[in-house]
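Structure data follow from structure.cif (mmCIF, C-alpha atoms and all ligand atoms):
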data_coords
#
loop_
_atom_site.label_atom_id
_atom_site.label_comp_id
_atom_site.auth_asym_id
_atom_site.auth_seq_id
_atom_site.Cartn_x
_atom_site.Cartn_y
_atom_site.Cartn_z
CA MET A 10 56.76 143.88 111.12
CA ASN A 11 54.82 144.89 108.01
CA LYS A 12 53.56 142.27 105.57
CA LEU A 13 56.14 143.06 102.89
CA LYS A 14 59.10 142.71 105.28
CA LEU A 15 57.62 139.53 106.66
CA MET A 16 57.26 138.18 103.11
CA VAL A 17 60.91 138.89 102.36
CA ASN A 18 62.11 137.37 105.65
CA THR A 19 60.07 134.19 105.62
CA GLN A 20 59.73 133.46 101.89
CA ILE A 21 62.85 134.94 100.33
CA LEU A 22 65.72 135.14 102.84
CA ALA A 23 64.72 131.96 104.66
CA ARG A 24 64.83 130.05 101.37
CA GLY A 25 68.33 131.12 100.49
CA ILE A 26 68.07 134.12 98.15
CA THR A 27 71.23 136.18 98.78
CA ASP A 28 71.54 138.69 95.90
CA LYS A 29 71.24 142.09 97.64
CA LYS A 30 69.93 143.78 94.50
CA VAL A 31 67.09 141.28 94.29
CA ILE A 32 66.27 141.55 97.99
CA ASN A 33 66.25 145.36 97.89
CA ALA A 34 64.00 145.41 94.82
CA LEU A 35 61.54 143.05 96.52
CA LEU A 36 61.56 145.20 99.67
CA LYS A 37 60.90 148.32 97.65
CA ILE A 38 57.99 147.21 95.48
CA LYS A 39 54.53 146.86 96.96
CA ARG A 40 53.10 143.68 95.42
CA GLU A 41 49.62 144.86 96.43
CA LEU A 42 49.81 147.48 93.65
CA PHE A 43 49.92 144.67 91.08
CA VAL A 44 46.84 142.70 92.15
CA ARG A 45 43.14 143.47 92.01
CA ASP A 46 41.36 145.07 94.97
CA SER A 47 39.74 141.79 95.97
CA PHE A 48 43.17 140.16 96.38
CA LYS A 49 45.00 143.02 98.12
CA ASN A 50 44.75 141.35 101.52
CA GLN A 51 46.53 138.28 100.05
CA ALA A 52 49.18 140.26 98.16
CA TYR A 53 52.08 139.05 100.34
CA ASP A 54 50.98 135.42 100.57
CA ASP A 55 53.29 132.60 99.55
CA ASN A 56 51.54 131.77 96.27
CA PRO A 57 50.55 133.03 92.82
CA LEU A 58 47.34 135.10 92.54
CA PRO A 59 44.86 135.63 89.69
CA ILE A 60 45.32 138.83 87.65
CA GLY A 61 42.45 138.32 85.18
CA SER A 62 42.36 136.76 81.68
CA ASP A 63 43.07 133.38 83.35
CA GLN A 64 46.62 134.49 84.17
CA THR A 65 48.51 134.79 87.46
CA ILE A 66 51.14 136.92 89.16
CA SER A 67 53.93 134.50 90.14
CA GLN A 68 54.73 133.42 93.69
CA PRO A 69 57.17 135.96 95.26
CA TYR A 70 59.87 133.33 95.85
CA ILE A 71 59.79 132.27 92.19
CA VAL A 72 60.12 135.91 91.09
CA ALA A 73 63.13 136.30 93.42
CA LEU A 74 64.74 133.03 92.34
CA MET A 75 64.36 133.72 88.61
CA THR A 76 65.72 137.24 89.03
CA GLU A 77 68.69 136.00 91.04
CA LEU A 78 69.46 133.39 88.36
CA LEU A 79 69.65 136.19 85.76
CA ALA A 80 72.69 137.60 87.67
CA LEU A 81 71.81 141.15 86.59
CA ASN A 82 74.13 144.15 86.46
CA SER A 83 73.01 147.77 86.52
CA ASN A 84 73.98 148.27 82.87
CA ASP A 85 72.14 145.20 81.56
CA LYS A 86 69.43 145.15 78.91
CA VAL A 87 66.74 142.59 79.73
CA LEU A 88 63.94 140.96 77.75
CA GLU A 89 60.91 139.60 79.58
CA ILE A 90 58.31 137.35 77.95
CA GLY A 91 54.92 137.44 79.73
CA THR A 92 54.45 140.88 81.30
CA GLY A 93 51.27 139.86 83.13
CA SER A 94 50.74 142.26 86.03
CA GLY A 95 54.12 143.92 85.51
CA TYR A 96 55.40 142.93 88.97
CA GLN A 97 58.37 140.95 87.68
CA THR A 98 58.98 143.74 85.15
CA ALA A 99 59.24 146.28 87.98
CA ILE A 100 61.72 144.09 89.86
CA LEU A 101 63.87 143.87 86.74
CA ALA A 102 63.58 147.62 86.13
CA GLU A 103 64.86 148.34 89.65
CA ILE A 104 68.05 146.41 88.96
CA ALA A 105 68.83 146.60 85.24
CA ASP A 106 69.33 149.53 82.88
CA LYS A 107 66.55 148.76 80.37
CA VAL A 108 63.69 146.27 80.34
CA PHE A 109 61.69 145.23 77.28
CA SER A 110 58.62 143.12 77.97
CA VAL A 111 56.33 141.26 75.56
CA GLU A 112 52.77 140.27 76.51
CA LYS A 113 50.35 138.29 74.36
CA ILE A 114 47.09 139.48 75.94
CA SER A 115 46.27 143.03 74.90
CA GLU A 116 44.42 144.08 78.09
CA LEU A 117 47.28 142.89 80.28
CA ALA A 118 49.90 144.62 78.12
CA VAL A 119 47.97 147.90 78.29
CA SER A 120 47.26 147.77 82.03
CA ALA A 121 50.81 146.74 82.96
CA GLN A 122 52.30 149.49 80.83
CA GLN A 123 50.01 152.04 82.44
CA ARG A 124 50.77 150.79 85.95
CA LEU A 125 54.54 150.83 85.39
CA LYS A 126 54.34 154.34 83.97
CA GLU A 127 52.34 155.56 86.97
CA LEU A 128 54.94 154.03 89.27
CA GLY A 129 57.62 156.06 87.50
CA TYR A 130 59.50 153.35 85.59
CA THR A 131 60.94 155.21 82.62
CA ASN A 132 63.30 152.38 81.65
CA VAL A 133 60.56 149.91 80.65
CA GLU A 134 58.90 149.27 77.31
CA VAL A 135 55.96 146.89 76.99
CA LYS A 136 54.55 145.62 73.71
CA GLU A 137 51.71 143.33 72.79
CA GLY A 138 53.09 140.41 70.81
CA ASN A 139 54.05 136.77 70.65
CA GLY A 140 56.95 136.08 72.96
CA TYR A 141 58.09 133.08 70.92
CA ASN A 142 59.60 135.67 68.57
CA GLY A 143 61.35 137.66 71.29
CA TRP A 144 61.93 141.33 70.38
CA ALA A 145 64.69 141.31 67.76
CA GLU A 146 64.80 145.09 67.11
CA LYS A 147 65.69 145.75 70.77
CA GLY A 148 68.20 142.91 71.14
CA PRO A 149 70.63 141.38 71.71
CA PHE A 150 70.01 141.09 75.46
CA ASP A 151 72.21 140.41 78.48
CA ALA A 152 69.39 138.45 80.07
CA ILE A 153 66.04 136.96 79.03
CA ILE A 154 63.30 135.77 81.39
CA VAL A 155 60.22 133.85 80.33
CA THR A 156 57.40 133.80 82.89
CA ALA A 157 55.18 131.21 81.22
CA ALA A 158 56.04 127.57 80.50
CA ALA A 159 57.22 126.69 77.01
CA PRO A 160 57.12 123.14 75.59
CA TYR A 161 60.57 123.75 74.08
CA LEU A 162 63.20 126.48 74.06
CA PRO A 163 62.17 129.10 71.47
CA GLU A 164 64.93 129.46 68.85
CA ALA A 165 64.48 133.24 68.49
CA LEU A 166 65.28 133.80 72.15
CA ILE A 167 68.64 132.03 71.84
CA ARG A 168 69.50 134.19 68.83
CA GLN A 169 68.72 137.35 70.84
CA LEU A 170 71.10 136.52 73.71
CA LYS A 171 74.48 138.27 73.93
CA GLU A 172 77.69 136.33 74.50
CA GLY A 173 77.62 135.51 78.22
CA GLY A 174 73.87 136.12 78.27
CA ARG A 175 71.56 134.32 80.71
CA LEU A 176 68.13 132.88 79.88
CA VAL A 177 65.72 131.65 82.56
CA ILE A 178 62.65 129.73 81.38
CA PRO A 179 60.24 127.07 82.64
CA ILE A 180 60.23 124.17 80.18
CA GLY A 181 57.53 121.51 79.98
CA ASP A 182 53.77 121.11 79.88
CA TYR A 183 52.11 119.64 82.95
CA SER A 184 55.37 118.88 84.69
CA GLN A 185 57.89 121.67 84.21
CA GLU A 186 61.51 122.40 85.10
CA LEU A 187 62.88 125.86 85.66
CA MET A 188 65.94 126.01 83.38
CA LEU A 189 68.92 128.37 83.34
CA TYR A 190 70.81 128.65 80.04
CA ILE A 191 74.01 130.57 79.40
CA TRP A 192 75.17 131.42 75.88
CA ARG A 193 78.94 130.98 75.88
CA SER A 194 81.33 130.64 72.91
CA LYS A 195 78.40 129.97 70.55
CA LYS A 196 77.18 127.16 72.77
CA LEU A 197 74.22 126.92 75.09
CA GLU A 198 74.96 125.58 78.56
CA GLY A 199 71.78 124.43 80.29
CA LYS A 200 71.08 123.61 83.90
CA SER A 201 67.89 122.41 85.58
CA ILE A 202 67.07 124.34 88.76
CA ILE A 203 63.78 123.15 90.32
CA PRO A 204 60.37 121.76 89.30
CA VAL A 205 57.82 124.56 88.83
CA ARG A 206 54.21 125.14 87.77
CA PHE A 207 53.56 128.04 85.38
CA VAL A 208 50.69 128.96 83.07
CA PRO A 209 51.54 127.90 79.49
CA LEU A 210 53.20 130.07 76.88
CA VAL A 211 50.58 130.07 74.12
N1 LIG B 301 55.52 137.96 85.20
C1 LIG B 301 54.10 138.02 85.39
C2 LIG B 301 53.49 136.65 85.39
C3 LIG B 301 52.60 136.52 84.24
S1 LIG B 301 51.87 134.94 83.95
C4 LIG B 301 53.75 138.78 86.64
O1 LIG B 301 54.65 139.06 87.44
O2 LIG B 301 52.59 139.13 86.83
C5 LIG B 301 52.44 134.67 82.30
C6 LIG B 301 52.07 135.70 81.27
O3 LIG B 301 52.57 135.25 80.02
C7 LIG B 301 50.58 135.93 81.09
O4 LIG B 301 50.31 137.29 81.25
C8 LIG B 301 50.32 135.46 79.66
O5 LIG B 301 49.32 136.19 79.01
C9 LIG B 301 51.67 135.66 79.01
N2 LIG B 301 51.89 134.87 77.79
C10 LIG B 301 51.50 133.61 77.53
N3 LIG B 301 51.92 133.23 76.33
C11 LIG B 301 52.62 134.28 75.79
C12 LIG B 301 53.29 134.49 74.56
N4 LIG B 301 53.37 133.56 73.59
N5 LIG B 301 53.88 135.68 74.36
C13 LIG B 301 53.84 136.65 75.31
N6 LIG B 301 53.20 136.50 76.49
C14 LIG B 301 52.60 135.33 76.73
#
Taking this structure as input, can you express it in the form of structure tokens?
Ligand code: SAH
Amino acid sequence: MNKLKLMVNTQILARGITDKKVINALLKIKRELFVRDSFKNQAYDDNPLPIGSDQTISQPYIVALMTELLALNSNDKVLEIGTGSGYQTAILAEIADKVFSVEKISELAVSAQQRLKELGYTNVEVKEGNGYNGWAEKGPFDAIIVTAAAPYLPEALIRQLKEGGRLVIPIGDYSQELMLYIWRSKKLEGKSIIPVRFVPLV
């Protein structure tokens, strides 16, 4: 079995991810294309990896879990905060109609955009910016994913969610909880999923 299939079997399916769209996207995208040459041999390992600028590409299981929690449909418009390597962005772009991604660090925004373009993702837009503000001009969104830990839930992101919209975000500083929020009838329903460890949203 190749490393990618083995990753999906042992890290994703074995841990209870069932959304076919998520599983197919993971099977399709070579994670090795999103890490530096020196980490290519570890690309399918069960952990985050450095991507430069003190940032990391998330553990595959966490990418799968967060994507599954977003309950995406093929006509959804998604906002991602923290483009990083662009791996999570590519997963979203496989499933949803349009993906808008905001990255604070210029070099990462530029390299992820370039990489996603080379891979043929025409339904992705990346911009350099502060994710605390979301991306109002492109909203409102069916789903929002934040891939860095915030000390509190940024107000702007709630305002950019559609009715029925889902928001997945790690909340906390040293100890963090992965939270799922749903915006329903002008109210935010929140649910704690699992403890996680992300780099901070700055
Ligand atoms: N989803 C990424 C993981 C990136 S790690 C991947 O699959 O590779 C989190 C990212 O969030 C980092 O790239 C970091 O630079 C970015 N980030 C941190 N604070 C941010 C902010 N306020 N606005 C936008 N991006 C931010």
(message) Counting all atoms listed in the file, which residue out of A:Arg206, A:Lys86, A:Lys136, A:Arg193 sits closest to A:Ile178?
(response)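 Using all atoms listed in the file, A:Ile178 sits closest to A:Arg206.
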(message) With only C-alpha atoms as the counted atoms, please give the residues lying no more than 10 Å from A:Tyr190, apart from itself and same-chain residues fewer than 3 positions off, as number ranges by chain.
(response) A: 78-79, 152-153, 162, 167, 173-178, 193, 196-201
(message) Is it possible to get the residues within 12 Å of (72.3, 146.5, 83.5) (coordinates as in the file, counting all atoms listed in the file) written as a count of residues only?
(response) 24
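For the set A:Met75, A:Gln123, A:Leu170, A:Arg45, the residue with the smallest atom-to-atom gap to A:Ile203 is A:Met75, counting only C-alpha atoms.
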(message) I want to know what sits within 10 Å of A:Glu134, based on all atoms listed in the file, with residues of the same chain fewer than 6 positions away left out; could you give that as a PyMOL selection string?
(response) chain A and resi 88+98+107-111+122+125-126
(request) Using only C-alpha atoms, collect all residues at a distance of at most 10 Å from (68.1, 133.0, 69.3) as written in the file, then present them as a list in words. (result)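 Checking each residue against the 10 Å limit leaves Asn142, Gly143, Ala145, Pro149, Leu162, Pro163, Glu164, Ala165, Leu166, Ile167, Arg168, Gln169, Leu170, Lys171 and Trp192 of chain A.
The closest residue to ligand LIG 301 (chain B), picked from A:Lys12, A:Arg24, A:Lys113, A:Lys29 and counting only C-alpha atoms and all ligand atoms, is A:Lys113.
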(message) If the limit is 10 Å from any atom of ligand LIG 301 (chain B), counting only C-alpha atoms and all ligand atoms, which residues qualify? Return them as a count of residues only.
(response) 59
Assuming the input is short of atoms at stretch 16-32 of chain A, produce N, CA, C and O atoms for that part as a PDB file, in the coordinates of the input.
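The resulting result16.pdb:
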ATOM      1  N   MET A  16      57.167 138.996 104.338  1.00  0.00           N
ATOM      2  CA  MET A  16      57.260 138.180 103.110  1.00  0.00           C
ATOM      3  C   MET A  16      58.718 137.943 102.748  1.00  0.00           C
ATOM      4  O   MET A  16      59.135 136.807 102.479  1.00  0.00           O
ATOM      5  N   VAL A  17      59.499 139.011 102.749  1.00  0.00           N
ATOM      6  CA  VAL A  17      60.910 138.890 102.360  1.00  0.00           C
ATOM      7  C   VAL A  17      61.669 138.013 103.361  1.00  0.00           C
ATOM      8  O   VAL A  17      62.451 137.141 102.972  1.00  0.00           O
ATOM      9  N   ASN A  18      61.410 138.188 104.640  1.00  0.00           N
ATOM     10  CA  ASN A  18      62.110 137.370 105.650  1.00  0.00           C
ATOM     11  C   ASN A  18      61.771 135.897 105.556  1.00  0.00           C
ATOM     12  O   ASN A  18      62.650 135.051 105.533  1.00  0.00           O
ATOM     13  N   THR A  19      60.479 135.601 105.505  1.00  0.00           N
ATOM     14  CA  THR A  19      60.070 134.190 105.620  1.00  0.00           C
ATOM     15  C   THR A  19      60.082 133.444 104.285  1.00  0.00           C
ATOM     16  O   THR A  19      60.309 132.245 104.255  1.00  0.00           O
ATOM     17  N   GLN A  20      59.836 134.164 103.169  1.00  0.00           N
ATOM     18  CA  GLN A  20      59.730 133.460 101.890  1.00  0.00           C
ATOM     19  C   GLN A  20      60.991 133.576 101.039  1.00  0.00           C
ATOM     20  O   GLN A  20      61.250 132.715 100.191  1.00  0.00           O
ATOM     21  N   ILE A  21      61.731 134.660 101.230  1.00  0.00           N
ATOM     22  CA  ILE A  21      62.850 134.940 100.330  1.00  0.00           C
ATOM     23  C   ILE A  21      64.201 134.662 101.012  1.00  0.00           C
ATOM     24  O   ILE A  21      64.970 133.829 100.546  1.00  0.00           O
ATOM     25  N   LEU A  22      64.449 135.330 102.134  1.00  0.00           N
ATOM     26  CA  LEU A  22      65.720 135.140 102.840  1.00  0.00           C
ATOM     27  C   LEU A  22      65.796 133.723 103.418  1.00  0.00           C
ATOM     28  O   LEU A  22      66.805 133.035 103.264  1.00  0.00           O
ATOM     29  N   ALA A  23      64.724 133.269 104.023  1.00  0.00           N
ATOM     30  CA  ALA A  23      64.720 131.960 104.660  1.00  0.00           C
ATOM     31  C   ALA A  23      64.938 130.830 103.659  1.00  0.00           C
ATOM     32  O   ALA A  23      65.389 129.750 104.021  1.00  0.00           O
ATOM     33  N   ARG A  24      64.648 131.097 102.387  1.00  0.00           N
ATOM     34  CA  ARG A  24      64.830 130.050 101.370  1.00  0.00           C
ATOM     35  C   ARG A  24      66.129 130.187 100.593  1.00  0.00           C
ATOM     36  O   ARG A  24      66.335 129.511  99.583  1.00  0.00           O
ATOM     37  N   GLY A  25      66.965 131.114 101.036  1.00  0.00           N
ATOM     38  CA  GLY A  25      68.330 131.120 100.490  1.00  0.00           C
ATOM     39  C   GLY A  25      68.624 132.108  99.384  1.00  0.00           C
ATOM     40  O   GLY A  25      69.682 132.027  98.757  1.00  0.00           O
ATOM     41  N   ILE A  26      67.735 133.065  99.122  1.00  0.00           N
ATOM     42  CA  ILE A  26      68.070 134.120  98.150  1.00  0.00           C
ATOM     43  C   ILE A  26      69.067 135.063  98.821  1.00  0.00           C
ATOM     44  O   ILE A  26      68.812 135.546  99.946  1.00  0.00           O
ATOM     45  N   THR A  27      70.188 135.352  98.139  1.00  0.00           N
ATOM     46  CA  THR A  27      71.230 136.180  98.780  1.00  0.00           C
ATOM     47  C   THR A  27      71.583 137.440  97.994  1.00  0.00           C
ATOM     48  O   THR A  27      72.238 138.332  98.531  1.00  0.00           O
ATOM     49  N   ASP A  28      71.192 137.529  96.726  1.00  0.00           N
ATOM     50  CA  ASP A  28      71.540 138.690  95.900  1.00  0.00           C
ATOM     51  C   ASP A  28      70.879 139.956  96.485  1.00  0.00           C
ATOM     52  O   ASP A  28      69.654 140.092  96.472  1.00  0.00           O
ATOM     53  N   LYS A  29      71.721 140.863  96.973  1.00  0.00           N
ATOM     54  CA  LYS A  29      71.240 142.090  97.640  1.00  0.00           C
ATOM     55  C   LYS A  29      70.352 142.936  96.732  1.00  0.00           C
ATOM     56  O   LYS A  29      69.393 143.555  97.176  1.00  0.00           O
ATOM     57  N   LYS A  30      70.711 142.963  95.436  1.00  0.00           N
ATOM     58  CA  LYS A  30      69.930 143.780  94.500  1.00  0.00           C
ATOM     59  C   LYS A  30      68.510 143.234  94.375  1.00  0.00           C
ATOM     60  O   LYS A  30      67.542 143.982  94.306  1.00  0.00           O
ATOM     61  N   VAL A  31      68.408 141.925  94.381  1.00  0.00           N
ATOM     62  CA  VAL A  31      67.090 141.280  94.290  1.00  0.00           C
ATOM     63  C   VAL A  31      66.293 141.537  95.564  1.00  0.00           C
ATOM     64  O   VAL A  31      65.116 141.919  95.514  1.00  0.00           O
ATOM     65  N   ILE A  32      66.945 141.371  96.699  1.00  0.00           N
ATOM     66  CA  ILE A  32      66.270 141.550  97.990  1.00  0.00           C
ATOM     67  C   ILE A  32      65.789 143.008  98.141  1.00  0.00           C
ATOM     68  O   ILE A  32      64.645 143.252  98.536  1.00  0.00           O
TER      69      ILE A  32
END
